[in-house]
Every structure is written in structure tokens, then in C-alpha cells.
Amino acid sequence: MIRRIVSKIREFLVRRSSDSYIAYLRSKGITVGNGTYIQSPKTTEIDDTRPSLVTIGQNCFFNKYFELHTHDWVSHVFIHSDRDLVNSSGRVTIGNNVAFGRHVIVLKGVTIGDNCFIGANSVVTKDIPSGSIAVGQPAKVIMSLDEYYAKRLAVCESEAMDYARSISERFGRKPVPEDFWEEFPLFVSGNEIDSYPMIPIKRQLGPAFERYKSEHTAQYRSFEAFLAAAGIK
């Protein structure tokens, strides 16, 4: 009973935050790069039974319900069917700047390159090259990061305007700048950041902040101009 209580307390302390869980993984011998963040340690399972097989790069993002496995236990079936115990394991290497949607599983023997995004509900069973967007069960590359970036640029303005209209329609009020945590580049130029203290611009941009501050020119000259283009007066 006491042992069970101690185990639960230890588990809580290990998984109380991203930093504490990553510290635990490193203490076991798993390589985890700086800047990596685990959004929900309580729902994340990174296999630490063979820590030398797991390498995770810098600035990765693990969403809720992520799983990483370096082995399977098919030998359970073997040994209960008059067959021999056969080992099964493989390295898992995740590069730098890799982000995962929710409910992603990465299986043994997989390498994911740098600058990749793995979509929600994917099961990664084979290598994913750098600069890729991959989704599916099993996960397959559907386009390059550059292609997806261009695709997002083409529709981000219309999506932001529709979001603005939805606020007006649903809540019966005029949108305000703090509603737009991701859409602000459309109406906030780099030299206007101080005029929008209600938006967490620096936190949202992270390492891109200084470049944004010195180079970015917004498509709309003001927030009001953005709302007017969306048909909101």
C-alpha cells in the first residue's frame, strides 16, 4: 500500500510539467534537445525501457496523447503459442523543430527529419524526410513544408476575416485586437508592436520576434482597416 502511494507521488512529480518530465527522460539516458516542449506529460508515453535508442532534437513540440515506442511485445503471443521468445526493438530519432498533432504514435525503427509536422491521429511506421508534412495510418508525406507554407499563406487572410465575422455573429460584439493571437500579422507591422500590448506578440513569435520587428509590414494599415475589409463596421 505504501509502495503504491510512493509510486503515485513519484509519478505525479515526474509528470507535473514539461520540464520535470524532460528532466526525468534525460535522467534515464534519453537525449532531448533544448527548447523541446511536452504539452501534456500526463497523457504522453515516451518509452524509457531502452533509453539509448531514443533521440529527440531541439525545439520539438509534443501534443496531447503522444506515444513513442522502441519495442513491441509480440513475443507475448509467441511464448503462449509454443514458440520462442524473440527480441524486437529499434531506434527512434526525431530531428530538430518537429511538431506533432494530437494522438500521434511513433513506432520503433523510425527517423523523422528536421522541420516536420506530423498530423493528428497519425501512426508513424516509416522514416519521414526533413521538411515534410505527414499524416495518416500509416503516416505518409503529403507535401513539403514549403508547399504547405504557400498553401497556408494563400488562405490565411480569408480564414482570419471569417473568424472576425464569427465573433460578431456569435457574440453580438465587435472584435477586439486581443481576439487575434495568430492573425495579428495581417494588421500589426513590426514597428507597431508596442501599440498592441493586449496581444502576446513576442511570446507567439518566439525566435522569429526580432526578424518580425525589423522586417514585417502588415497587409492592412490598422486593425480597423482589417475589420472593414472583413465587412465589420
# chains A, B, ... in the order shown; residues from 1 in each chain; ligands from 1

call {"tool": "residues_around", "arguments": {"residues": "region 144-158 of chain A", "least_positions_apart": "5", "cutoff": "10 Å", "atoms": "only C-alpha atoms", "output": "list in words"}}
result
Asn115, Cys116, Phe117, Pro129, Ser130, Gly131, Ser132, Ile133, Ala134, Tyr163, Ala164, Glu182, Glu183, Pro185, Leu186, Gln219, Phe226 and Ala230 of chain A

call {"tool": "residues_around", "arguments": {"residues": "Val124 (chain A)", "least_positions_apart": "3", "cutoff": "10 Å", "atoms": "only C-alpha atoms", "output": "PyMOL selection string"}}
result
chain A and resi 68+104-112+118+121+127-128+134-140

call {"tool": "write_last_selection", "arguments": {"atoms": "N, CA and C atoms", "output": "PDB file, in the first residue's frame"}}
result
ATOM      1  N   LEU A  68       5.544   7.115 -28.034  1.00  0.00           N
ATOM      2  CA  LEU A  68       6.760   6.720 -28.752  1.00  0.00           C
ATOM      3  C   LEU A  68       7.178   5.359 -28.208  1.00  0.00           C
ATOM      4  N   VAL A 104      -0.792  11.058 -31.743  1.00  0.00           N
ATOM      5  CA  VAL A 104       0.197  10.521 -32.689  1.00  0.00           C
ATOM      6  C   VAL A 104       0.981   9.400 -32.013  1.00  0.00           C
ATOM      7  N   ILE A 105       1.235   8.338 -32.764  1.00  0.00           N
ATOM      8  CA  ILE A 105       2.050   7.221 -32.293  1.00  0.00           C
ATOM      9  C   ILE A 105       3.252   7.078 -33.219  1.00  0.00           C
ATOM     10  N   VAL A 106       4.449   7.008 -32.633  1.00  0.00           N
ATOM     11  CA  VAL A 106       5.675   6.774 -33.390  1.00  0.00           C
ATOM     12  C   VAL A 106       6.218   5.404 -32.977  1.00  0.00           C
ATOM     13  N   LEU A 107       6.366   4.514 -33.942  1.00  0.00           N
ATOM     14  CA  LEU A 107       6.794   3.151 -33.651  1.00  0.00           C
ATOM     15  C   LEU A 107       8.297   2.975 -33.858  1.00  0.00           C
ATOM     16  N   LYS A 108       8.811   1.844 -33.406  1.00  0.00           N
ATOM     17  CA  LYS A 108      10.251   1.574 -33.412  1.00  0.00           C
ATOM     18  C   LYS A 108      10.832   1.595 -34.834  1.00  0.00           C
ATOM     19  N   GLY A 109      12.129   1.935 -34.888  1.00  0.00           N
ATOM     20  CA  GLY A 109      12.833   1.911 -36.160  1.00  0.00           C
ATOM     21  C   GLY A 109      12.566   3.087 -37.064  1.00  0.00           C
ATOM     22  N   VAL A 110      12.087   4.196 -36.494  1.00  0.00           N
ATOM     23  CA  VAL A 110      11.684   5.356 -37.299  1.00  0.00           C
ATOM     24  C   VAL A 110      12.625   6.539 -37.068  1.00  0.00           C
ATOM     25  N   THR A 111      12.945   7.233 -38.156  1.00  0.00           N
ATOM     26  CA  THR A 111      13.662   8.507 -38.083  1.00  0.00           C
ATOM     27  C   THR A 111      12.803   9.586 -38.727  1.00  0.00           C
ATOM     28  N   ILE A 112      12.567  10.664 -37.989  1.00  0.00           N
ATOM     29  CA  ILE A 112      11.841  11.825 -38.514  1.00  0.00           C
ATOM     30  C   ILE A 112      12.846  12.955 -38.642  1.00  0.00           C
ATOM     31  N   ILE A 118       3.759  16.337 -38.075  1.00  0.00           N
ATOM     32  CA  ILE A 118       3.035  15.067 -38.173  1.00  0.00           C
ATOM     33  C   ILE A 118       1.605  15.321 -37.705  1.00  0.00           C
ATOM     34  N   ASN A 121      -3.668  12.056 -35.127  1.00  0.00           N
ATOM     35  CA  ASN A 121      -4.114  10.667 -35.308  1.00  0.00           C
ATOM     36  C   ASN A 121      -3.226   9.848 -36.245  1.00  0.00           C
ATOM     37  N   ASP A 127      10.322   6.043 -41.994  1.00  0.00           N
ATOM     38  CA  ASP A 127      11.044   7.311 -41.920  1.00  0.00           C
ATOM     39  C   ASP A 127      10.284   8.434 -42.636  1.00  0.00           C
ATOM     40  N   ILE A 128      10.401   9.638 -42.049  1.00  0.00           N
ATOM     41  CA  ILE A 128       9.836  10.849 -42.655  1.00  0.00           C
ATOM     42  C   ILE A 128      10.993  11.795 -42.943  1.00  0.00           C
ATOM     43  N   ALA A 134       3.387  15.166 -42.865  1.00  0.00           N
ATOM     44  CA  ALA A 134       2.976  13.763 -42.985  1.00  0.00           C
ATOM     45  C   ALA A 134       1.736  13.502 -42.133  1.00  0.00           C
ATOM     46  N   VAL A 135       0.814  12.716 -42.676  1.00  0.00           N
ATOM     47  CA  VAL A 135      -0.404  12.349 -41.943  1.00  0.00           C
ATOM     48  C   VAL A 135      -0.806  10.930 -42.333  1.00  0.00           C
ATOM     49  N   GLY A 136      -1.644  10.324 -41.498  1.00  0.00           N
ATOM     50  CA  GLY A 136      -2.246   9.054 -41.879  1.00  0.00           C
ATOM     51  C   GLY A 136      -1.836   7.885 -41.020  1.00  0.00           C
ATOM     52  N   GLN A 137      -2.486   6.757 -41.294  1.00  0.00           N
ATOM     53  CA  GLN A 137      -2.235   5.495 -40.594  1.00  0.00           C
ATOM     54  C   GLN A 137      -2.034   4.380 -41.627  1.00  0.00           C
ATOM     55  N   PRO A 138      -0.827   4.120 -42.051  1.00  0.00           N
ATOM     56  CA  PRO A 138       0.436   4.709 -41.570  1.00  0.00           C
ATOM     57  C   PRO A 138       0.671   6.108 -42.149  1.00  0.00           C
ATOM     58  N   ALA A 139       1.497   6.875 -41.466  1.00  0.00           N
ATOM     59  CA  ALA A 139       1.766   8.250 -41.896  1.00  0.00           C
ATOM     60  C   ALA A 139       2.545   8.264 -43.204  1.00  0.00           C
ATOM     61  N   LYS A 140       2.097   9.125 -44.104  1.00  0.00           N
ATOM     62  CA  LYS A 140       2.770   9.310 -45.389  1.00  0.00           C
ATOM     63  C   LYS A 140       2.969  10.800 -45.646  1.00  0.00           C
TER      64      LYS A 140
END

call {"tool": "residues_around", "arguments": {"residues": "Ser88 (chain A)", "least_positions_apart": "6", "cutoff": "9 Å", "atoms": "only C-alpha atoms", "output": "list in words"}}
result
Thr70, His71, Asp72, Trp73, Val74, Ser75 and Lys108 of chain A

call {"tool": "write_last_selection", "arguments": {"atoms": "all heavy atoms", "output": "PDB file, in the first residue's frame"}}
result
ATOM      1  N   THR A  70       9.927   2.030 -28.569  1.00  0.00           N
ATOM      2  CA  THR A  70      11.167   1.473 -29.114  1.00  0.00           C
ATOM      3  C   THR A  70      11.083  -0.042 -29.250  1.00  0.00           C
ATOM      4  O   THR A  70      12.041  -0.675 -29.701  1.00  0.00           O
ATOM      5  CB  THR A  70      12.371   1.810 -28.208  1.00  0.00           C
ATOM      6  OG1 THR A  70      12.155   1.239 -26.907  1.00  0.00           O
ATOM      7  CG2 THR A  70      12.565   3.308 -28.097  1.00  0.00           C
ATOM      8  N   HIS A  71       9.992  -0.645 -28.824  1.00  0.00           N
ATOM      9  CA  HIS A  71       9.857  -2.091 -28.908  1.00  0.00           C
ATOM     10  C   HIS A  71       8.386  -2.471 -28.966  1.00  0.00           C
ATOM     11  O   HIS A  71       7.510  -1.620 -28.782  1.00  0.00           O
ATOM     12  CB  HIS A  71      10.507  -2.763 -27.694  1.00  0.00           C
ATOM     13  CG  HIS A  71       9.705  -2.627 -26.427  1.00  0.00           C
ATOM     14  ND1 HIS A  71       9.555  -1.417 -25.778  1.00  0.00           N
ATOM     15  CD2 HIS A  71       9.001  -3.540 -25.716  1.00  0.00           C
ATOM     16  CE1 HIS A  71       8.810  -1.597 -24.699  1.00  0.00           C
ATOM     17  NE2 HIS A  71       8.453  -2.875 -24.631  1.00  0.00           N
ATOM     18  N   ASP A  72       8.126  -3.733 -29.279  1.00  0.00           N
ATOM     19  CA  ASP A  72       6.766  -4.244 -29.145  1.00  0.00           C
ATOM     20  C   ASP A  72       6.825  -5.489 -28.254  1.00  0.00           C
ATOM     21  O   ASP A  72       7.890  -5.852 -27.759  1.00  0.00           O
ATOM     22  CB  ASP A  72       6.137  -4.562 -30.503  1.00  0.00           C
ATOM     23  CG  ASP A  72       6.921  -5.585 -31.301  1.00  0.00           C
ATOM     24  OD1 ASP A  72       7.473  -6.525 -30.690  1.00  0.00           O
ATOM     25  OD2 ASP A  72       6.983  -5.457 -32.538  1.00  0.00           O
ATOM     26  N   TRP A  73       5.703  -6.125 -28.027  1.00  0.00           N
ATOM     27  CA  TRP A  73       5.672  -7.294 -27.159  1.00  0.00           C
ATOM     28  C   TRP A  73       4.917  -8.421 -27.848  1.00  0.00           C
ATOM     29  O   TRP A  73       4.108  -9.117 -27.247  1.00  0.00           O
ATOM     30  CB  TRP A  73       5.056  -6.932 -25.815  1.00  0.00           C
ATOM     31  CG  TRP A  73       5.167  -7.989 -24.750  1.00  0.00           C
ATOM     32  CD1 TRP A  73       4.165  -8.395 -23.905  1.00  0.00           C
ATOM     33  CD2 TRP A  73       6.307  -8.773 -24.391  1.00  0.00           C
ATOM     34  NE1 TRP A  73       4.600  -9.379 -23.047  1.00  0.00           N
ATOM     35  CE2 TRP A  73       5.935  -9.639 -23.329  1.00  0.00           C
ATOM     36  CE3 TRP A  73       7.620  -8.851 -24.863  1.00  0.00           C
ATOM     37  CZ2 TRP A  73       6.794 -10.554 -22.749  1.00  0.00           C
ATOM     38  CZ3 TRP A  73       8.490  -9.753 -24.276  1.00  0.00           C
ATOM     39  CH2 TRP A  73       8.077 -10.589 -23.236  1.00  0.00           C
ATOM     40  N   VAL A  74       5.230  -8.582 -29.146  1.00  0.00           N
ATOM     41  CA  VAL A  74       4.610  -9.677 -29.878  1.00  0.00           C
ATOM     42  C   VAL A  74       5.092 -11.023 -29.343  1.00  0.00           C
ATOM     43  O   VAL A  74       4.417 -12.048 -29.491  1.00  0.00           O
ATOM     44  CB  VAL A  74       4.891  -9.553 -31.393  1.00  0.00           C
ATOM     45  CG1 VAL A  74       6.361  -9.786 -31.698  1.00  0.00           C
ATOM     46  CG2 VAL A  74       4.000 -10.504 -32.193  1.00  0.00           C
ATOM     47  N   SER A  75       6.237 -11.025 -28.652  1.00  0.00           N
ATOM     48  CA  SER A  75       6.711 -12.272 -28.069  1.00  0.00           C
ATOM     49  C   SER A  75       5.764 -12.816 -27.000  1.00  0.00           C
ATOM     50  O   SER A  75       5.830 -13.999 -26.657  1.00  0.00           O
ATOM     51  CB  SER A  75       8.115 -12.097 -27.482  1.00  0.00           C
ATOM     52  OG  SER A  75       9.078 -12.208 -28.514  1.00  0.00           O
ATOM     53  N   LYS A 108       8.811   1.844 -33.406  1.00  0.00           N
ATOM     54  CA  LYS A 108      10.251   1.574 -33.412  1.00  0.00           C
ATOM     55  C   LYS A 108      10.832   1.595 -34.834  1.00  0.00           C
ATOM     56  O   LYS A 108      10.147   1.332 -35.808  1.00  0.00           O
ATOM     57  CB  LYS A 108      10.519   0.213 -32.775  1.00  0.00           C
ATOM     58  CG  LYS A 108      10.038  -0.985 -33.570  1.00  0.00           C
ATOM     59  CD  LYS A 108      10.276  -2.268 -32.792  1.00  0.00           C
ATOM     60  CE  LYS A 108       9.852  -3.495 -33.590  1.00  0.00           C
ATOM     61  NZ  LYS A 108      10.733  -3.793 -34.712  1.00  0.00           N
TER      62      LYS A 108
END

call {"tool": "select_by_dssp", "arguments": {"residues": "region 136-223 of chain A", "states": "alpha helix (DSSP H)", "output": "ChimeraX atom specification"}}
result
/A:145-171,201-205,209-215,223

call {"tool": "residues_around", "arguments": {"residues": "Glu67 (chain A)", "least_positions_apart": "4", "cutoff": "12 Å", "atoms": "only C-alpha atoms", "output": "list in words"}}
result
Ile38, Ser40, Pro41, Lys42, Thr43, Thr44, Glu45, Ile46, Asp47, Asp48, Phe62, Asn63, His71, Val92, Phe100, Gly101, Arg102, His103, Val104, Ile105, Val106, Leu107, Lys108, Asn121, Ser122, Val123 and Val124 of chain A

call {"tool": "write_last_selection", "arguments": {"atoms": "N, CA and C atoms", "output": "compact mmCIF listing (two decimals), in the first residue's frame"}}
result
# COMPACT_ATOMS: atom_id res chain seq x y z
N ILE A 38 6.71 19.48 -24.01
CA ILE A 38 5.69 18.43 -23.95
C ILE A 38 4.44 19.02 -23.32
N SER A 40 1.40 17.93 -22.59
CA SER A 40 0.62 17.19 -21.61
C SER A 40 1.38 15.96 -21.14
N PRO A 41 2.32 16.12 -20.19
CA PRO A 41 3.10 14.97 -19.72
C PRO A 41 2.24 13.83 -19.19
N LYS A 42 1.08 14.14 -18.63
CA LYS A 42 0.23 13.10 -18.06
C LYS A 42 -0.35 12.17 -19.13
N THR A 43 -0.46 12.66 -20.38
CA THR A 43 -1.01 11.83 -21.45
C THR A 43 0.05 11.42 -22.47
N THR A 44 1.32 11.66 -22.15
CA THR A 44 2.43 11.34 -23.05
C THR A 44 3.16 10.10 -22.56
N GLU A 45 3.43 9.19 -23.49
CA GLU A 45 4.17 7.98 -23.15
C GLU A 45 5.38 7.85 -24.07
N ILE A 46 6.55 8.18 -23.54
CA ILE A 46 7.80 8.02 -24.27
C ILE A 46 8.53 6.83 -23.65
N ASP A 47 8.71 5.79 -24.42
CA ASP A 47 9.27 4.53 -23.96
C ASP A 47 10.68 4.74 -23.40
N ASP A 48 10.82 4.48 -22.09
CA ASP A 48 12.14 4.65 -21.48
C ASP A 48 12.77 3.31 -21.09
N PHE A 62 5.41 18.32 -28.58
CA PHE A 62 4.63 17.10 -28.45
C PHE A 62 3.24 17.46 -27.92
N ASN A 63 2.23 17.18 -28.71
CA ASN A 63 0.86 17.50 -28.32
C ASN A 63 0.32 16.40 -27.40
N HIS A 71 9.99 -0.64 -28.82
CA HIS A 71 9.86 -2.09 -28.91
C HIS A 71 8.39 -2.47 -28.97
N VAL A 92 14.55 5.19 -32.33
CA VAL A 92 13.63 6.25 -32.76
C VAL A 92 14.39 7.56 -32.66
N PHE A 100 4.02 17.69 -33.43
CA PHE A 100 3.06 16.60 -33.58
C PHE A 100 1.66 17.08 -33.21
N GLY A 101 0.66 16.66 -34.00
CA GLY A 101 -0.72 16.87 -33.61
C GLY A 101 -1.10 15.91 -32.50
N ARG A 102 -2.36 15.93 -32.10
CA ARG A 102 -2.81 15.06 -31.02
C ARG A 102 -2.94 13.60 -31.49
N HIS A 103 -2.79 12.71 -30.52
CA HIS A 103 -3.00 11.27 -30.74
C HIS A 103 -2.07 10.71 -31.82
N VAL A 104 -0.79 11.06 -31.74
CA VAL A 104 0.20 10.52 -32.69
C VAL A 104 0.98 9.40 -32.01
N ILE A 105 1.23 8.34 -32.76
CA ILE A 105 2.05 7.22 -32.29
C ILE A 105 3.25 7.08 -33.22
N VAL A 106 4.45 7.01 -32.63
CA VAL A 106 5.67 6.77 -33.39
C VAL A 106 6.22 5.40 -32.98
N LEU A 107 6.37 4.51 -33.94
CA LEU A 107 6.79 3.15 -33.65
C LEU A 107 8.30 2.97 -33.86
N LYS A 108 8.81 1.84 -33.41
CA LYS A 108 10.25 1.57 -33.41
C LYS A 108 10.83 1.59 -34.83
N ASN A 121 -3.67 12.06 -35.13
CA ASN A 121 -4.11 10.67 -35.31
C ASN A 121 -3.23 9.85 -36.24
N SER A 122 -2.01 10.31 -36.48
CA SER A 122 -1.10 9.58 -37.36
C SER A 122 -0.36 8.48 -36.61
N VAL A 123 -0.01 7.44 -37.35
CA VAL A 123 0.84 6.37 -36.83
C VAL A 123 2.07 6.30 -37.72
N VAL A 124 3.22 6.68 -37.17
CA VAL A 124 4.45 6.75 -37.96
C VAL A 124 5.16 5.41 -37.88

call {"tool": "select_by_dssp", "arguments": {"residues": "region 80-158 of chain A", "states": "strand (DSSP E)", "output": "MDAnalysis selection string"}}
result
chainID A and resid 92:94 98:100 105:106 110:112 116:118 123:124 132:136 139:144

call {"tool": "atom_distance", "arguments": {"atom1": "CA of Gly206 (chain A)", "atom2": "CA of Ala228 (chain A)"}}
result
29.5 Å

call {"tool": "residues_around", "arguments": {"residues": "Lys213 (chain A)", "least_positions_apart": "5", "cutoff": "10 Å", "atoms": "only C-alpha atoms", "output": "MDAnalysis selection string"}}
result
chainID A and resid 188:193 201:202 208

call {"tool": "write_last_selection", "arguments": {"atoms": "all heavy atoms", "output": "compact mmCIF listing (two decimals), in the first residue's frame"}}
result
# COMPACT_ATOMS: atom_id res chain seq x y z
N VAL A 188 -0.66 44.18 -37.84
CA VAL A 188 0.36 44.76 -36.96
C VAL A 188 1.72 44.68 -37.65
O VAL A 188 2.28 43.60 -37.84
CB VAL A 188 0.45 44.02 -35.61
CG1 VAL A 188 1.50 44.68 -34.72
CG2 VAL A 188 -0.90 44.00 -34.91
N SER A 189 2.25 45.83 -38.05
CA SER A 189 3.59 45.88 -38.62
C SER A 189 4.63 45.79 -37.51
O SER A 189 4.32 46.02 -36.32
CB SER A 189 3.79 47.17 -39.41
OG SER A 189 2.99 47.16 -40.58
N GLY A 190 5.86 45.48 -37.88
CA GLY A 190 6.90 45.31 -36.88
C GLY A 190 7.14 46.52 -36.03
O GLY A 190 7.48 46.40 -34.84
N ASN A 191 6.99 47.72 -36.60
CA ASN A 191 7.22 48.94 -35.84
C ASN A 191 5.99 49.40 -35.05
O ASN A 191 6.01 50.47 -34.45
CB ASN A 191 7.69 50.06 -36.77
CG ASN A 191 6.65 50.41 -37.84
OD1 ASN A 191 5.60 49.78 -37.93
ND2 ASN A 191 6.97 51.40 -38.66
N GLU A 192 4.94 48.58 -35.05
CA GLU A 192 3.71 48.93 -34.33
C GLU A 192 3.39 48.00 -33.16
O GLU A 192 2.33 48.08 -32.56
CB GLU A 192 2.51 48.90 -35.30
CG GLU A 192 2.62 49.88 -36.45
CD GLU A 192 1.51 49.69 -37.48
OE1 GLU A 192 1.08 48.53 -37.68
OE2 GLU A 192 1.06 50.70 -38.05
N ILE A 193 4.34 47.14 -32.85
CA ILE A 193 4.09 46.13 -31.81
C ILE A 193 3.68 46.75 -30.48
O ILE A 193 2.77 46.27 -29.80
CB ILE A 193 5.35 45.25 -31.63
CG1 ILE A 193 5.54 44.36 -32.86
CG2 ILE A 193 5.25 44.40 -30.37
CD1 ILE A 193 6.81 43.56 -32.86
N ILE A 201 2.40 39.16 -28.62
CA ILE A 201 3.12 39.02 -29.88
C ILE A 201 4.48 38.37 -29.69
O ILE A 201 4.85 37.44 -30.41
CB ILE A 201 3.25 40.39 -30.57
CG1 ILE A 201 1.86 40.90 -30.99
CG2 ILE A 201 4.18 40.30 -31.78
CD1 ILE A 201 1.85 42.30 -31.57
N LYS A 202 5.24 38.85 -28.72
CA LYS A 202 6.59 38.32 -28.53
C LYS A 202 6.55 36.84 -28.16
O LYS A 202 7.34 36.04 -28.67
CB LYS A 202 7.31 39.11 -27.44
CG LYS A 202 8.77 38.73 -27.29
CD LYS A 202 9.51 39.67 -26.34
CE LYS A 202 10.98 39.30 -26.27
NZ LYS A 202 11.73 40.24 -25.39
N ALA A 208 11.27 34.13 -33.87
CA ALA A 208 11.03 34.96 -35.06
C ALA A 208 10.73 36.41 -34.70
O ALA A 208 10.52 37.24 -35.59
CB ALA A 208 9.88 34.39 -35.89

call {"tool": "residues_around", "arguments": {"residues": "Gly33 (chain A)", "least_positions_apart": "4", "cutoff": "9 Å", "atoms": "only C-alpha atoms", "output": "mmCIF file with N, CA, C and O atoms, in the first residue's frame"}}
result
data_model
loop_
_atom_site.group_PDB
_atom_site.id
_atom_site.type_symbol
_atom_site.label_atom_id
_atom_site.label_comp_id
_atom_site.auth_asym_id
_atom_site.auth_seq_id
_atom_site.Cartn_x
_atom_site.Cartn_y
_atom_site.Cartn_z
ATOM 1 N N THR A 55 16.360 9.416 -29.396
ATOM 2 C CA THR A 55 16.998 10.721 -29.560
ATOM 3 C C THR A 55 15.953 11.717 -30.042
ATOM 4 O O THR A 55 15.309 11.499 -31.068
ATOM 5 N N ILE A 56 15.790 12.797 -29.290
ATOM 6 C CA ILE A 56 14.820 13.847 -29.622
ATOM 7 C C ILE A 56 15.582 15.153 -29.751
ATOM 8 O O ILE A 56 16.376 15.523 -28.873
ATOM 9 N N GLY A 57 15.353 15.873 -30.836
ATOM 10 C CA GLY A 57 16.099 17.091 -31.121
ATOM 11 C C GLY A 57 15.618 18.325 -30.388
ATOM 12 O O GLY A 57 14.819 18.250 -29.448
ATOM 13 N N GLN A 58 16.071 19.464 -30.862
ATOM 14 C CA GLN A 58 15.747 20.754 -30.257
ATOM 15 C C GLN A 58 14.421 21.305 -30.795
ATOM 16 O O GLN A 58 14.024 21.025 -31.925
ATOM 17 N N ASN A 59 13.759 22.103 -29.942
ATOM 18 C CA ASN A 59 12.569 22.868 -30.342
ATOM 19 C C ASN A 59 11.457 21.993 -30.930
ATOM 20 O O ASN A 59 10.768 22.401 -31.870
ATOM 21 N N CYS A 60 11.294 20.808 -30.366
ATOM 22 C CA CYS A 60 10.189 19.944 -30.785
ATOM 23 C C CYS A 60 8.959 20.226 -29.926
ATOM 24 O O CYS A 60 9.074 20.700 -28.792
ATOM 25 N N ASN A 96 15.286 18.138 -35.271
ATOM 26 C CA ASN A 96 15.014 19.449 -34.691
ATOM 27 C C ASN A 96 13.754 20.067 -35.306
ATOM 28 O O ASN A 96 13.464 19.874 -36.483
#
